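Asks: Here's a structure for you.
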Amino acid sequence: MSEFISKITPNQPVFEDNDPQDELITLNIGPTHPATHGVFQNVVQIDGERIVSGVSTIGYIHRAFEKIAEHRPFYQITPLTDRLNYCSAPINNMGWHMTVEKLLKIEIPKRVQYMRVIIMELARIADHIICNGILGVDTGAFSGFLYVMQEREFIYEIFEEICGARLTTNIGRIGGFERDFNAIAFEKIREFLKRYPPVLQEFEELFVRNRIFIERTSGVAAVTAEDALDYGWSGPILRATGVDYDIRVQNPYCSYDEFDFDVPVGTTGDVYDRFMVRNAEMWQSLRIIEQALDKIEKEPKGVFHAEVPDFYLPPKEQVYTNMEALIYHFKIVMGEVDTPKAEVYHAVEGANGELGFYLIHDGGRSPYRLHFRRPSFVNYQMFAPMSAGMLISDAIINMSSLNVIAGELDA
Amino acid sequence: MVNSFLLDKLEENFPTKIQEIPDAHDLLTVIVDKEDLIEVLRFLKSNSELQFIHLTDITAVHYPHLEKEFAVVYHIHSLVHNIRIRVKVFLQGPNPEIPTATVVWKGANWMERETFDFFGVNFIGHPDLRRILNVDDMEVFPMRKEYPLEDPNRVDKKDLYFGR
């Protein structure tokens, strides 16, 4: 102790070249910070409260989806796709099966397409509920998050009614669904259409004219349309900048062209606009589901898959009792059926943007190469460059408005 | 706009440099040389009749049986005319090199880093070519076909035993 003290002389200030007043401080936001909503890291240099520069590090939960997919037949890849964007798993799921159907040139009955539309729009609502709710939490408004969470639970109840699972639904099959929506499921979807609008209305009113919310979000992280396109953005955050790009309209799948809905766009591309675009999209999704329910009633009942016995799994009760069905089940699951050689790219409008599947098939039992184009991965790369000059609290809000889902970011 | 118009347009501006893959399933797919790549991408983006402003995706494929064993694949989308194109560039292994597309779209940055991370494709001129999803001190490029996922001694999953 005395040795140490003797080293400090009055003429030598200890903090001479380490003055906190004029030095940049390195701050780690993440990997497991509550504000990141997932496992990824941002190392930022801050000058007081202001971020000077930053570096994003991702890959903490990388699970090698693409490599695993090269070793699995189509049906065994389905559960992997569920875990991409786990807030809206059915969209990934349907997107994957649509890609396989494009490869195999399978035509899907109209009723199945409408069923898919319902599922995907419900998933989109569930995803936007989370994103906008969390954005509220990050600006200090916890109650909105709690109000709408009950409705998300109700959507999960609908999923549970349809397929037995809530989060990672595994809901699709090549050619359609594993089973039909039962009467209770339809009832619940109708009930959801009735009970959700007042809740959404209330949720909107909590924020839209709330002075704190407006001042925290408007003008924050505003992105021009040129920048957004240059960085390959898609989905609600691109539409918030004013670009009217929605795959459901541009490259319609599942008969989206028959539906009457608007594509909400923003003007300034700031956090407030992103919130508003997502909110408006939920209203449009409700419209779409309502139309889909009406359309389903006009279609013949009980059709829930295409007649493709080579690819559609036989019903479980037959698999357990009938040898033929068991053999077929085995052949399909193990990829023993003939498949064409082809390269396809199929994109669906995920909750975060363009979710694309690039599938190269050489006729073997599993894809030769499968690549997921994940919207979060592409959207998030702008975060670090755009954070420079922002306050830390603004950067946090910006991050939640980008809706970064770690499963989709890392794949 | 239809694929044939797009192909004509490309062939008109780049005679002998564009090669079409005729049996592409859904999108117009063209092969270009790596020397011409940036020129073609710039043309696709800036030509007023085409306007491929949205770089959707960059990835790579490993074909170990081919002489040029790596293909870098670009998916580009013209939002204005609502048409997509796939551009493929075949590269010689085992240390393939290709000019970076970040000079055309900034969004190519992470897509190229991912491609480098998994396939070892070196994007010349990339501002920050580091691994992105895997750990920094990894020495292999795991998506190459020489790294099988499962035990190679397992015979029950080989196509040959199922008559294919």
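Just so we're on the same page: first chain in the structure tokens is A, next is B, and so on; residues restart at 1 for each chain, and ligands are numbered from 1 in the order they show up.
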Show me, as number ranges by chain, every residue of chain B with an atom at most 7 Å from chain A, counting only C-alpha atoms.
Replies: B: 24-26, 53-57, 61, 82, 105-107, 110, 132-134, 143
Asks: Find the residues around Val55 (chain A) up to 7 Å (only C-alpha atoms counted), leave out those fewer than 5 positions away in its own chain, and share them as a ChimeraX atom specification.
Replies: /A:42-44,384
Asks: Could those selected residues go to a file with C-alpha atoms, as a PDB file, in the first residue's frame?
Replies:
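See out39.pdb below for the written result:
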```pdb
ATOM      1  CA  ASN A  42     -23.879  -3.311 -30.998  1.00  0.00           C
ATOM      2  CA  VAL A  43     -20.567  -1.851 -29.912  1.00  0.00           C
ATOM      3  CA  VAL A  44     -20.966   1.892 -30.041  1.00  0.00           C
ATOM      4  CA  ALA A 384     -25.143   0.891 -37.343  1.00  0.00           C
TER       5      ALA A 384
END
```
Asks: Neighbouring residues of Tyr74 (chain B) were defined as those with any atom within 12 Å, considering only C-alpha atoms; residues of the same chain fewer than 5 positions away were excluded. Please report them as a VMD selection string.
Replies: (chain A and resid 345 358 371 373) or (chain B and resid 27 to 32 37 to 38 40 to 41 44 52 54 to 61 84 to 90 100 to 101 105 108 111 to 112 115)
Asks: Tell me, as a list in words, which residues lie within 12 Å of Thr16 (chain B), counting only C-alpha atoms; anything in the same chain fewer than 3 positions away does not count.
Replies: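 Contacts, in chain order: Leu10, Glu11, Glu12, Asn13, Gln19, Glu20, Ile31, Val32, Asp33 and Asp36 of chain B.
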Asks: Those residues you just picked out, can you put them in a file as a PDB file, in the first residue's frame with N, CA, C and O atoms?
Replies:
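Result file selection34.pdb:
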```pdb
ATOM      1  N   LEU B  10     -30.578  -6.719 -72.913  1.00  0.00           N
ATOM      2  CA  LEU B  10     -29.249  -7.061 -72.413  1.00  0.00           C
ATOM      3  C   LEU B  10     -28.333  -7.470 -73.553  1.00  0.00           C
ATOM      4  O   LEU B  10     -27.169  -7.072 -73.606  1.00  0.00           O
ATOM      5  N   GLU B  11     -28.871  -8.263 -74.480  1.00  0.00           N
ATOM      6  CA  GLU B  11     -28.021  -8.748 -75.571  1.00  0.00           C
ATOM      7  C   GLU B  11     -27.633  -7.632 -76.526  1.00  0.00           C
ATOM      8  O   GLU B  11     -26.546  -7.643 -77.102  1.00  0.00           O
ATOM      9  N   GLU B  12     -28.512  -6.673 -76.635  1.00  0.00           N
ATOM     10  CA  GLU B  12     -28.234  -5.527 -77.485  1.00  0.00           C
ATOM     11  C   GLU B  12     -27.071  -4.716 -76.909  1.00  0.00           C
ATOM     12  O   GLU B  12     -26.190  -4.266 -77.636  1.00  0.00           O
ATOM     13  N   ASN B  13     -27.061  -4.550 -75.592  1.00  0.00           N
ATOM     14  CA  ASN B  13     -26.027  -3.735 -74.969  1.00  0.00           C
ATOM     15  C   ASN B  13     -24.755  -4.506 -74.643  1.00  0.00           C
ATOM     16  O   ASN B  13     -23.689  -3.915 -74.536  1.00  0.00           O
ATOM     17  N   GLN B  19     -25.057 -14.779 -71.381  1.00  0.00           N
ATOM     18  CA  GLN B  19     -25.439 -16.124 -71.793  1.00  0.00           C
ATOM     19  C   GLN B  19     -26.670 -16.515 -70.988  1.00  0.00           C
ATOM     20  O   GLN B  19     -26.675 -16.460 -69.763  1.00  0.00           O
ATOM     21  N   GLU B  20     -27.723 -16.902 -71.695  1.00  0.00           N
ATOM     22  CA  GLU B  20     -28.955 -17.217 -70.984  1.00  0.00           C
ATOM     23  C   GLU B  20     -28.973 -18.691 -70.606  1.00  0.00           C
ATOM     24  O   GLU B  20     -28.502 -19.543 -71.346  1.00  0.00           O
ATOM     25  N   ILE B  31     -25.951 -15.779 -67.361  1.00  0.00           N
ATOM     26  CA  ILE B  31     -24.593 -15.976 -66.846  1.00  0.00           C
ATOM     27  C   ILE B  31     -23.717 -14.870 -67.418  1.00  0.00           C
ATOM     28  O   ILE B  31     -23.777 -14.595 -68.623  1.00  0.00           O
ATOM     29  N   VAL B  32     -22.936 -14.228 -66.578  1.00  0.00           N
ATOM     30  CA  VAL B  32     -21.966 -13.255 -67.079  1.00  0.00           C
ATOM     31  C   VAL B  32     -20.606 -13.607 -66.499  1.00  0.00           C
ATOM     32  O   VAL B  32     -20.498 -14.330 -65.511  1.00  0.00           O
ATOM     33  N   ASP B  33     -19.567 -13.073 -67.149  1.00  0.00           N
ATOM     34  CA  ASP B  33     -18.217 -13.261 -66.620  1.00  0.00           C
ATOM     35  C   ASP B  33     -17.973 -12.272 -65.493  1.00  0.00           C
ATOM     36  O   ASP B  33     -18.594 -11.217 -65.438  1.00  0.00           O
ATOM     37  N   ASP B  36     -17.218  -8.683 -66.454  1.00  0.00           N
ATOM     38  CA  ASP B  36     -18.295  -7.831 -66.958  1.00  0.00           C
ATOM     39  C   ASP B  36     -19.367  -7.577 -65.914  1.00  0.00           C
ATOM     40  O   ASP B  36     -20.307  -6.818 -66.155  1.00  0.00           O
TER      41      ASP B  36
END
```
Asks: Can you work out the spacing between CA of Ala89 (chain A) and CA of Asn170 (chain A) in Å, to one decimal?
Replies: 8.0 Å
